[in-house]
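Taking it in order: structure first as structure tokens, then the write-up.
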Amino acid sequence: MMNKILPAMRIAFRALRVNKLRSALTMLGIIIGVGAVIAMVAVGSGATERIQEQIASIGSNVIIVMPGSITASGIRLGSGNAVTLTLDDAKAIANDCPSVQAVAPSSRQGAQVVFGNNNWATSIQGTTPDYLLIRDVGIQSGSAFTDQDVDSTAKVALLGQTVVNNLFNGADPVGQVIRIKQVPFTVAGTLVPKGQSPTGQDQDDIILIPISTAQKKVFGVNQARANSVGSLIVQARGPQFIQAAQDEMRAVLRQRHHLQPGQDDDFTVRDLEEVFQAQETSSRVMSILLAAIASVSLLVGGIGIMNIMLVSVTERTREIGLRQAVGAKTRDILTQFLVEAVTLSILGGIVGILLGVLASKLISLFAQWSTLVSPGAILLAFVFSALVGVFFGFYPARKAALLDPIDALRFE
Amino acid sequence: MADRLIQIHDLEKIYKLGDVTVHALRGVSLEIERGSFVAIMGPSGSGKSTFMNIIGCLDKPTSGAYMLDSVNVSTLERDELAEIRNQKIGFVFQQFNLLPRTSAVENVELPLLYSSHATAEPEKKALQALEWVGLAGREHHHPNQLSGGQQQRVAIARALINDPRIILADEPTGALDSRTSIEIMALFQKLNRASGLSIILVTHEPDIAQYSNRIIRFKDGRLVSDEAVRRPREAQEELAALPLEENEAQEALA
């Protein structure tokens with residue numbers, strides 16, 4: 001078989017060289033098609049990968065409990081308006097829910113932070129050391145605060161990278177004293193950057209302090225609800241425990257909040273991963289859609305190949321007749337024209353792959369979108385372009401192979 | 001020596017062109033011995049082209065038997081006929097039918113590409129064939145760099161490459177001037193006499209037919225005459241008698 005294919009490829013290259021412009025224009029269809037598919041798939045995979053990174057940045061198996069709406073004197077207030085969760089709720093969930101691995105209470109407030117001549121407005125988050133474990137936050141330098149720090153309302157802080165950049169101009173923040181709402185805090189450490197959250201927030205623009213310190217020294221909370229927290233960040237024991245953990249927490253909280261059956265929850269439980277997985281799915285669908293649209297141009301390119309091969313067969317009718325006269329069998333002629341079509345489409349495919357990779361790099365560079373060109377996509381594009389050649393080359397090749405030698409020789 | 005290369009018995013060919021039925025051949029019987037040089041003549045529409053197509057295994061008869069080299073080829077299939085053409089028949093056409101933008105030696109090698117058994121050194125064999133037809137030194141010229149006569153020599157070399165049993169030449173001098181025609185006929189005579197190769201030549205020029213040993217005439221799908229040529233013309237002698245042309249004179253001096 002190989003000793004038939006090699007001469008056929010030589011003939012194909014010669015035939016394609018004779019009409020360089022025509023061959024190039026024919027290939028253009030495939031080039032654009034393959035290039036578009038590669039670039040679109042790269043954009044899609046890049047987006048999907050970014051969402052996956054963001055999901056990983058939330059932490060694994062994380063559930064968030066937020067204060068819910070309450071009804072006060074017949075007026076239903078929106079979610080999060082009431083301060084219904086307390087530190088004791090957190091402790092109860094940690095103790096009574098077997099599906100829960102860890103609970104970190106958290107309260108957030110914006111505040112002005114000062115170091116030396118610099119100041120910066122950022123989020124102050126009071127929490128416990130468990131938060132670092134649940135959200136998978138790493139310590140970049142220095143050390144985390146401890147449960148003792150929480151118990152003793154120590155004035156220690158962990159700074160996110162954005163805060164470090166804005167306050168310290170490159171100096172080492174660990175051990176320095178910053179002022180949060182005039183209260184001096186010692187910087188215990190800095191956090192490993194996490195980048196953007198799935199919703200586009202800068203997760204590094206933050207300062208973590210012990211929740212007790214936050215409540216008593218910084219936020220100045222309502223004395224009546226000195227124990228209240230903004231939210232509870234909960235980690236289930238594993239992906240399969242997420243649903244059970246939610247149910248257990250709901251039961252514990254309803255009981256602690258003395259809610260009657262039929263009464264609405266005064267808290268909201270949200271499985272964050274679920275939300276962002278939906279986002280990931282939609283991004284996948286989007287990239288499949290993009291690839292499908294791009295592959296339409298590949299189809300059009302294939303039709304272009306068929307068209308030009310039909311023209312070529314007609315033009316070379318006498319050549320075909322001569323080849324038949326000197327002994328070319330049906331299969332020989334079929335192979336010759338099929339190889340020619342496949343050569344066109346594969347050459348177009350290779351150029352298209354290069355173009356597609358280049359286009360994805362340019363998209364990353366200029367549009368700041370992350371793109372990901374996978375070897376799988378390249379292989380698929382290559383195989384697909386070869387198949388386009390076979391599929392659209394077959395009809396013209398068959399037409400050539402079945403020509404009557406007498407008519408072909410006489411063809412003017 | 002009744003060594004018959006071609007035996008044809010009661011050959012008929014009927015074409016249907018729409019509603020019209022054309023009797024191209026109406027019962028032709030013929031035998032051609034090995035080593036013959038036969039000219040076939042006849043006006044257009046006489047059936048000689050149809051006859052040549054069948055002899056050349058390009059077409060199949062409607063009825064009748066055709067034995068080529070002791071093989072009944074009238075019953076063979078398309079690809080089997082291609083194999084016979086490749087192995088046993090060399091074609092020479094009026095319009096040469098060389099592949100454009102392809103060197104002489106590659107044109108000559110073409111039949112080897114479709115040969116069922118591999119040839120050890122195809123290029124060497126092609127070069128030898130080109131040398132034999134007098135084109136040494138022009139092996140790598142493309143058809144558009146060769147004169148009509150030279151192109152026809154390439155075509156003859158191509159016809160010879162697979163050591164065929166028979167050469168079928170369809171008006172081989174139809175597109176050539178008279179001197180070049182004589183040169184080509186000289187080549188055919190040399191082939192016929194030196195190698196004992198059978199040649200069938202279709203021509204409508206009585207002069208050209210006189211170089212053969214036997215002339216067969218067709219009319220209205222029938223064989224109307226079949227006679228031996230008593231004293232065939234000698235192309236080589238005629239060429240020697242002709243004055244040298246300028247370029248040949250230069251070649252002779254070189």
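Ordering of the structure tokens sets the chain letters (A, B, ...); residue numbers start at 1 within each chain; ligands are numbered from 1 in the order shown.
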
Next item on the list: Provide as an MDAnalysis selection string the residues of chain B at most 7 Å from chain A, counting only C-alpha atoms.
Entry: chainID B and resid 58 79 82:83 85:86 97 99 111 114

Note to self: So that I can see what lies close to Val342 in chain A, please list as a list in words the residues with an atom at most 10 Å from it, counting only C-alpha atoms and leaving out residues fewer than 5 positions away in the same chain.
What the structure shows: Met9, Ala12, Ile305, Phe337, Leu347, Gly348, Gly349, Ser385, Ala386, Leu387, Val388, Gly389, Val390, Phe391, Phe392, Gly393 and Phe394 of chain A

Margin query: If DSSP is run on the backbone, what residues of range 57-236 of chain B are strand (DSSP E)? A reply as a ChimeraX atom specification would be ideal.
Written below: /B:63-68,71-72,89-92,166-170,198-202,214-219,222-228

Kindly export the residues of the current selection with C-alpha atoms, as a PDB file, in the first residue's frame.
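The result, written out as again-v9.pdb:
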```
ATOM      1  CA  SER B  63     -20.302 -10.070 -29.205  1.00  0.00           C
ATOM      2  CA  GLY B  64     -17.563 -12.152 -30.766  1.00  0.00           C
ATOM      3  CA  ALA B  65     -14.261 -13.426 -29.451  1.00  0.00           C
ATOM      4  CA  TYR B  66     -10.936 -11.681 -29.092  1.00  0.00           C
ATOM      5  CA  MET B  67      -7.855 -13.700 -28.121  1.00  0.00           C
ATOM      6  CA  LEU B  68      -4.761 -11.652 -27.355  1.00  0.00           C
ATOM      7  CA  VAL B  71      -5.958 -14.984 -23.523  1.00  0.00           C
ATOM      8  CA  ASN B  72      -9.624 -14.435 -24.190  1.00  0.00           C
ATOM      9  CA  ILE B  89       0.057  -3.169 -25.031  1.00  0.00           C
ATOM     10  CA  GLY B  90       1.952   0.018 -25.758  1.00  0.00           C
ATOM     11  CA  PHE B  91      -0.082   2.998 -26.964  1.00  0.00           C
ATOM     12  CA  VAL B  92       1.118   5.791 -29.224  1.00  0.00           C
ATOM     13  CA  ILE B 166       2.157  -5.130 -29.341  1.00  0.00           C
ATOM     14  CA  ILE B 167       2.329  -1.422 -30.123  1.00  0.00           C
ATOM     15  CA  LEU B 168      -0.916   0.294 -31.086  1.00  0.00           C
ATOM     16  CA  ALA B 169      -0.271   3.568 -32.855  1.00  0.00           C
ATOM     17  CA  ASP B 170      -3.310   5.725 -33.561  1.00  0.00           C
ATOM     18  CA  SER B 198       4.156  -6.404 -33.501  1.00  0.00           C
ATOM     19  CA  ILE B 199       2.816  -3.010 -34.527  1.00  0.00           C
ATOM     20  CA  ILE B 200      -0.678  -1.981 -35.521  1.00  0.00           C
ATOM     21  CA  LEU B 201      -0.907   1.431 -37.052  1.00  0.00           C
ATOM     22  CA  VAL B 202      -4.048   3.410 -37.796  1.00  0.00           C
ATOM     23  CA  ARG B 214      -0.004  -5.474 -44.468  1.00  0.00           C
ATOM     24  CA  ILE B 215      -2.872  -3.065 -45.010  1.00  0.00           C
ATOM     25  CA  ILE B 216      -6.369  -3.709 -43.717  1.00  0.00           C
ATOM     26  CA  ARG B 217      -9.201  -1.469 -44.868  1.00  0.00           C
ATOM     27  CA  PHE B 218     -12.473  -0.894 -43.043  1.00  0.00           C
ATOM     28  CA  LYS B 219     -15.726   0.444 -44.356  1.00  0.00           C
ATOM     29  CA  ARG B 222     -16.779  -4.324 -42.088  1.00  0.00           C
ATOM     30  CA  LEU B 223     -13.369  -5.420 -43.229  1.00  0.00           C
ATOM     31  CA  VAL B 224     -13.289  -4.704 -46.956  1.00  0.00           C
ATOM     32  CA  SER B 225      -9.723  -5.532 -47.922  1.00  0.00           C
ATOM     33  CA  ASP B 226      -6.705  -7.203 -46.401  1.00  0.00           C
ATOM     34  CA  GLU B 227      -3.595  -7.257 -48.493  1.00  0.00           C
ATOM     35  CA  ALA B 228       0.120  -7.660 -48.048  1.00  0.00           C
TER      36      ALA B 228
END
```

Next item on the list: Compile the contact shell of Leu85 in chain A as a ChimeraX atom specification: residues with an atom at most 9 Å away, counting only C-alpha atoms, same-chain residues fewer than 3 positions apart removed.
Entry: /A:65-67,82,88-90,105,227-232,253,266-267

Margin query: What does the structure give for the distance between CA of Gln210 in chain B and CA of Ile55 in chain B, in Å to one decimal?
Written below: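 Rounded to one decimal, the two atoms are 21.5 Å apart.
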
Next item on the list: Might you pull out every residue within 8 Å of range 3-6 of chain B, with only C-alpha atoms counted and same-chain residues fewer than 3 positions away left off, and present them as an NGL selection string?
Entry: :B and (30-34 or 66-70)

Write out the residues from the selection above, keeping N, CA and C atoms, as a JSON list (two decimals), in the first residue's frame.
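To be explicit, this is the file written out as out28.json:
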```
[["chain", "number", "residue", "atom", "x", "y", "z"],
["B", 30, "LEU", "N", -10.40, -11.77, -37.96],
["B", 30, "LEU", "CA", -9.05, -11.36, -38.35],
["B", 30, "LEU", "C", -8.03, -12.09, -37.51],
["B", 31, "GLU", "N", -6.87, -12.36, -38.11],
["B", 31, "GLU", "CA", -5.77, -12.91, -37.33],
["B", 31, "GLU", "C", -4.51, -12.11, -37.62],
["B", 32, "ILE", "N", -3.75, -11.85, -36.58],
["B", 32, "ILE", "CA", -2.49, -11.12, -36.77],
["B", 32, "ILE", "C", -1.39, -11.93, -36.12],
["B", 33, "GLU", "N", -0.34, -12.19, -36.89],
["B", 33, "GLU", "CA", 0.76, -13.00, -36.38],
["B", 33, "GLU", "C", 1.74, -12.14, -35.61],
["B", 34, "ARG", "N", 2.48, -12.82, -34.78],
["B", 34, "ARG", "CA", 3.56, -12.14, -34.06],
["B", 34, "ARG", "C", 4.56, -11.55, -35.04],
["B", 66, "TYR", "N", -12.21, -12.34, -28.85],
["B", 66, "TYR", "CA", -10.94, -11.68, -29.09],
["B", 66, "TYR", "C", -9.90, -12.35, -28.21],
["B", 67, "MET", "N", -8.94, -13.06, -28.85],
["B", 67, "MET", "CA", -7.85, -13.70, -28.12],
["B", 67, "MET", "C", -6.60, -12.87, -28.34],
["B", 68, "LEU", "N", -6.04, -12.37, -27.26],
["B", 68, "LEU", "CA", -4.76, -11.65, -27.35],
["B", 68, "LEU", "C", -3.73, -12.47, -26.61],
["B", 69, "ASP", "N", -2.69, -12.90, -27.33],
["B", 69, "ASP", "CA", -1.62, -13.66, -26.70],
["B", 69, "ASP", "C", -2.20, -14.87, -25.95],
["B", 70, "SER", "N", -3.14, -15.56, -26.63],
["B", 70, "SER", "CA", -3.79, -16.77, -26.11],
["B", 70, "SER", "C", -4.70, -16.52, -24.90]]
```

Check: Can you tell me, as a VMD selection string, what residues are no more than 10 Å from Phe188 in chain B when counting only C-alpha atoms, ignoring any on the same chain fewer than 3 positions away?
Finding: chain B and resid 37 133 156 167 169 182 to 185 191 to 194 197 to 199 201 211 to 212 235

Can you tell me which residues surround Ala157 in chain A at a distance of at most 10 Å, considering only C-alpha atoms, apart from same-chain residues fewer than 2 positions away, and format the answer as a JSON list (two decimals) with C-alpha atoms, in the first residue's frame?
```json
[["chain", "number", "residue", "atom", "x", "y", "z"],
["A", 124, "ILE", "CA", -11.51, 43.70, 57.75],
["A", 125, "GLN", "CA", -12.57, 40.16, 58.37],
["A", 126, "GLY", "CA", -12.78, 38.80, 61.88],
["A", 143, "SER", "CA", 2.62, 33.05, 60.88],
["A", 144, "ALA", "CA", -1.14, 32.74, 61.33],
["A", 145, "PHE", "CA", -2.91, 33.83, 64.49],
["A", 154, "ALA", "CA", -5.01, 39.72, 70.58],
["A", 155, "LYS", "CA", -4.41, 42.64, 68.22],
["A", 159, "LEU", "CA", -2.63, 40.97, 55.42],
["A", 160, "GLY", "CA", -3.69, 40.10, 51.88],
["A", 174, "VAL", "CA", 5.75, 41.18, 59.34],
["A", 175, "GLY", "CA", 6.16, 42.59, 62.86],
["A", 177, "VAL", "CA", 2.32, 47.91, 63.52],
["A", 178, "ILE", "CA", -0.63, 49.14, 61.46],
["A", 180, "ILE", "CA", -7.16, 49.77, 61.84],
["A", 184, "PRO", "CA", -2.87, 49.40, 66.58],
["A", 185, "PHE", "CA", -2.38, 45.87, 65.25],
["A", 186, "THR", "CA", 0.81, 43.90, 64.87],
["A", 187, "VAL", "CA", 1.16, 42.23, 61.47],
["A", 188, "ALA", "CA", 1.58, 38.54, 62.22],
["A", 189, "GLY", "CA", 1.87, 37.40, 58.61],
["A", 190, "THR", "CA", 0.83, 37.79, 55.01],
["A", 207, "ILE", "CA", -7.09, 41.84, 56.46],
["A", 208, "LEU", "CA", -7.84, 38.88, 58.73],
["A", 209, "ILE", "CA", -7.98, 39.45, 62.50],
["A", 210, "PRO", "CA", -9.29, 37.30, 65.38]]
```

Item checked: All helix (DSSP H, G or I) residues (DSSP, backbone) inside range 41-212 of chain B, as a PyMOL selection string -> chain B and resi 48-55+73-75+78-88+104-113+122-132+143-145+148-160+178-194+206-209

Print the selection's residues with C-alpha atoms to a file, as a PDB file, in the first residue's frame.
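Dumped everything to result_17.pdb:
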```
ATOM      1  CA  LYS B  48     -11.531   1.438 -37.402  1.00  0.00           C
ATOM      2  CA  SER B  49     -11.396   3.468 -34.189  1.00  0.00           C
ATOM      3  CA  THR B  50     -13.837   1.128 -32.486  1.00  0.00           C
ATOM      4  CA  PHE B  51     -11.757  -1.799 -33.730  1.00  0.00           C
ATOM      5  CA  MET B  52      -8.568  -0.249 -32.332  1.00  0.00           C
ATOM      6  CA  ASN B  53     -10.252   0.469 -28.986  1.00  0.00           C
ATOM      7  CA  ILE B  54     -11.238  -3.181 -28.700  1.00  0.00           C
ATOM      8  CA  ILE B  55      -7.813  -4.410 -29.804  1.00  0.00           C
ATOM      9  CA  VAL B  73      -9.798 -10.766 -23.271  1.00  0.00           C
ATOM     10  CA  SER B  74     -13.366 -10.174 -24.457  1.00  0.00           C
ATOM     11  CA  THR B  75     -14.708 -11.456 -21.133  1.00  0.00           C
ATOM     12  CA  ARG B  78     -12.370  -3.332 -16.177  1.00  0.00           C
ATOM     13  CA  ASP B  79      -9.353  -3.719 -13.894  1.00  0.00           C
ATOM     14  CA  GLU B  80      -8.246  -6.945 -15.574  1.00  0.00           C
ATOM     15  CA  LEU B  81      -8.239  -5.094 -18.897  1.00  0.00           C
ATOM     16  CA  ALA B  82      -6.142  -2.347 -17.266  1.00  0.00           C
ATOM     17  CA  GLU B  83      -3.631  -4.997 -16.259  1.00  0.00           C
ATOM     18  CA  ILE B  84      -3.517  -6.367 -19.836  1.00  0.00           C
ATOM     19  CA  ARG B  85      -2.997  -2.848 -21.230  1.00  0.00           C
ATOM     20  CA  ASN B  86      -0.219  -2.290 -18.747  1.00  0.00           C
ATOM     21  CA  GLN B  87       1.603  -5.522 -19.474  1.00  0.00           C
ATOM     22  CA  LYS B  88       0.961  -6.324 -23.139  1.00  0.00           C
ATOM     23  CA  ALA B 104      10.622  12.941 -20.330  1.00  0.00           C
ATOM     24  CA  VAL B 105      12.055  10.240 -18.105  1.00  0.00           C
ATOM     25  CA  GLU B 106       9.147  10.506 -15.658  1.00  0.00           C
ATOM     26  CA  ASN B 107       6.691  10.295 -18.537  1.00  0.00           C
ATOM     27  CA  VAL B 108       8.392   7.125 -19.724  1.00  0.00           C
ATOM     28  CA  GLU B 109       8.301   5.648 -16.215  1.00  0.00           C
ATOM     29  CA  LEU B 110       4.537   6.176 -15.902  1.00  0.00           C
ATOM     30  CA  PRO B 111       3.394   2.652 -16.909  1.00  0.00           C
ATOM     31  CA  LEU B 112       5.801   1.156 -14.342  1.00  0.00           C
ATOM     32  CA  LEU B 113       3.869   3.009 -11.628  1.00  0.00           C
ATOM     33  CA  PRO B 122      12.686   2.105 -13.060  1.00  0.00           C
ATOM     34  CA  GLU B 123      14.697   5.210 -13.861  1.00  0.00           C
ATOM     35  CA  LYS B 124      17.537   3.246 -15.455  1.00  0.00           C
ATOM     36  CA  LYS B 125      15.070   1.346 -17.573  1.00  0.00           C
ATOM     37  CA  ALA B 126      13.369   4.565 -18.655  1.00  0.00           C
ATOM     38  CA  LEU B 127      16.715   6.150 -19.544  1.00  0.00           C
ATOM     39  CA  GLN B 128      17.586   3.127 -21.688  1.00  0.00           C
ATOM     40  CA  ALA B 129      14.259   3.379 -23.494  1.00  0.00           C
ATOM     41  CA  LEU B 130      14.837   7.075 -24.153  1.00  0.00           C
ATOM     42  CA  GLU B 131      18.305   6.352 -25.471  1.00  0.00           C
ATOM     43  CA  TRP B 132      16.868   3.694 -27.743  1.00  0.00           C
ATOM     44  CA  PRO B 143       7.226  18.211 -23.083  1.00  0.00           C
ATOM     45  CA  ASN B 144       6.969  21.952 -23.782  1.00  0.00           C
ATOM     46  CA  GLN B 145      10.748  22.020 -24.315  1.00  0.00           C
ATOM     47  CA  GLY B 148       6.594  17.326 -31.830  1.00  0.00           C
ATOM     48  CA  GLY B 149       8.831  14.567 -33.137  1.00  0.00           C
ATOM     49  CA  GLN B 150      10.754  14.415 -29.896  1.00  0.00           C
ATOM     50  CA  GLN B 151       7.517  14.262 -27.921  1.00  0.00           C
ATOM     51  CA  GLN B 152       6.353  11.356 -30.050  1.00  0.00           C
ATOM     52  CA  ARG B 153       9.665   9.596 -29.381  1.00  0.00           C
ATOM     53  CA  VAL B 154       9.054  10.025 -25.647  1.00  0.00           C
ATOM     54  CA  ALA B 155       5.611   8.514 -26.169  1.00  0.00           C
ATOM     55  CA  ILE B 156       7.148   5.561 -28.035  1.00  0.00           C
ATOM     56  CA  ALA B 157       9.690   5.044 -25.256  1.00  0.00           C
ATOM     57  CA  ARG B 158       6.775   5.064 -22.804  1.00  0.00           C
ATOM     58  CA  ALA B 159       4.968   2.452 -24.918  1.00  0.00           C
ATOM     59  CA  LEU B 160       8.073   0.241 -24.834  1.00  0.00           C
ATOM     60  CA  SER B 178       6.516  14.869 -43.373  1.00  0.00           C
ATOM     61  CA  ARG B 179      10.194  14.594 -42.491  1.00  0.00           C
ATOM     62  CA  THR B 180       9.459  13.953 -38.821  1.00  0.00           C
ATOM     63  CA  SER B 181       6.795  11.465 -39.905  1.00  0.00           C
ATOM     64  CA  ILE B 182       9.407   9.496 -41.812  1.00  0.00           C
ATOM     65  CA  GLU B 183      11.699   9.570 -38.769  1.00  0.00           C
ATOM     66  CA  ILE B 184       8.928   8.152 -36.613  1.00  0.00           C
ATOM     67  CA  MET B 185       8.148   5.483 -39.212  1.00  0.00           C
ATOM     68  CA  ALA B 186      11.840   4.612 -39.315  1.00  0.00           C
ATOM     69  CA  LEU B 187      11.680   4.077 -35.568  1.00  0.00           C
ATOM     70  CA  PHE B 188       8.651   1.790 -35.934  1.00  0.00           C
ATOM     71  CA  GLN B 189      10.331  -0.208 -38.690  1.00  0.00           C
ATOM     72  CA  LYS B 190      13.452  -0.569 -36.563  1.00  0.00           C
ATOM     73  CA  LEU B 191      11.318  -1.749 -33.640  1.00  0.00           C
ATOM     74  CA  ASN B 192       9.449  -4.209 -35.798  1.00  0.00           C
ATOM     75  CA  ARG B 193      12.512  -5.660 -37.467  1.00  0.00           C
ATOM     76  CA  ALA B 194      15.141  -5.520 -34.734  1.00  0.00           C
ATOM     77  CA  PRO B 206      -1.801   5.954 -47.867  1.00  0.00           C
ATOM     78  CA  ASP B 207       1.877   7.018 -47.928  1.00  0.00           C
ATOM     79  CA  ILE B 208       2.345   6.187 -44.278  1.00  0.00           C
ATOM     80  CA  ALA B 209       0.515   2.852 -44.664  1.00  0.00           C
TER      81      ALA B 209
END
```

Using only C-alpha atoms, which protein or nucleic acid residues come within 12 Å of Val275 in chain A? Drop anything in the same chain fewer than 5 positions from it, and give the result as a compact mmCIF listing (two decimals) with C-alpha atoms, in the first residue's frame.
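Result file follows (around-v9.txt):
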```
# COMPACT_ATOMS: atom_id res chain seq x y z
CA ILE A 51 -13.41 29.08 36.70
CA GLN A 54 -11.59 30.15 41.19
CA ILE A 55 -13.64 27.28 42.53
CA ILE A 58 -13.11 29.09 47.50
CA VAL A 62 -17.49 24.87 51.51
CA ILE A 63 -20.96 25.84 52.66
CA ILE A 64 -21.80 29.36 53.76
CA PRO A 198 -15.60 33.61 40.80
CA THR A 199 -17.66 36.77 41.10
CA ARG A 270 -25.58 28.22 50.38
CA GLU A 280 -18.46 26.21 34.85
CA THR A 281 -21.07 24.21 33.03
CA SER A 282 -22.31 27.28 31.22
```

Next item on the list: In Å, rounded to a single decimal, give me how far CA of Asp130 in chain A is from CA of Asp149 in chain A.
Entry: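 CA of Asp149 in chain A sits 12.7 Å away from CA of Asp130 in chain A.
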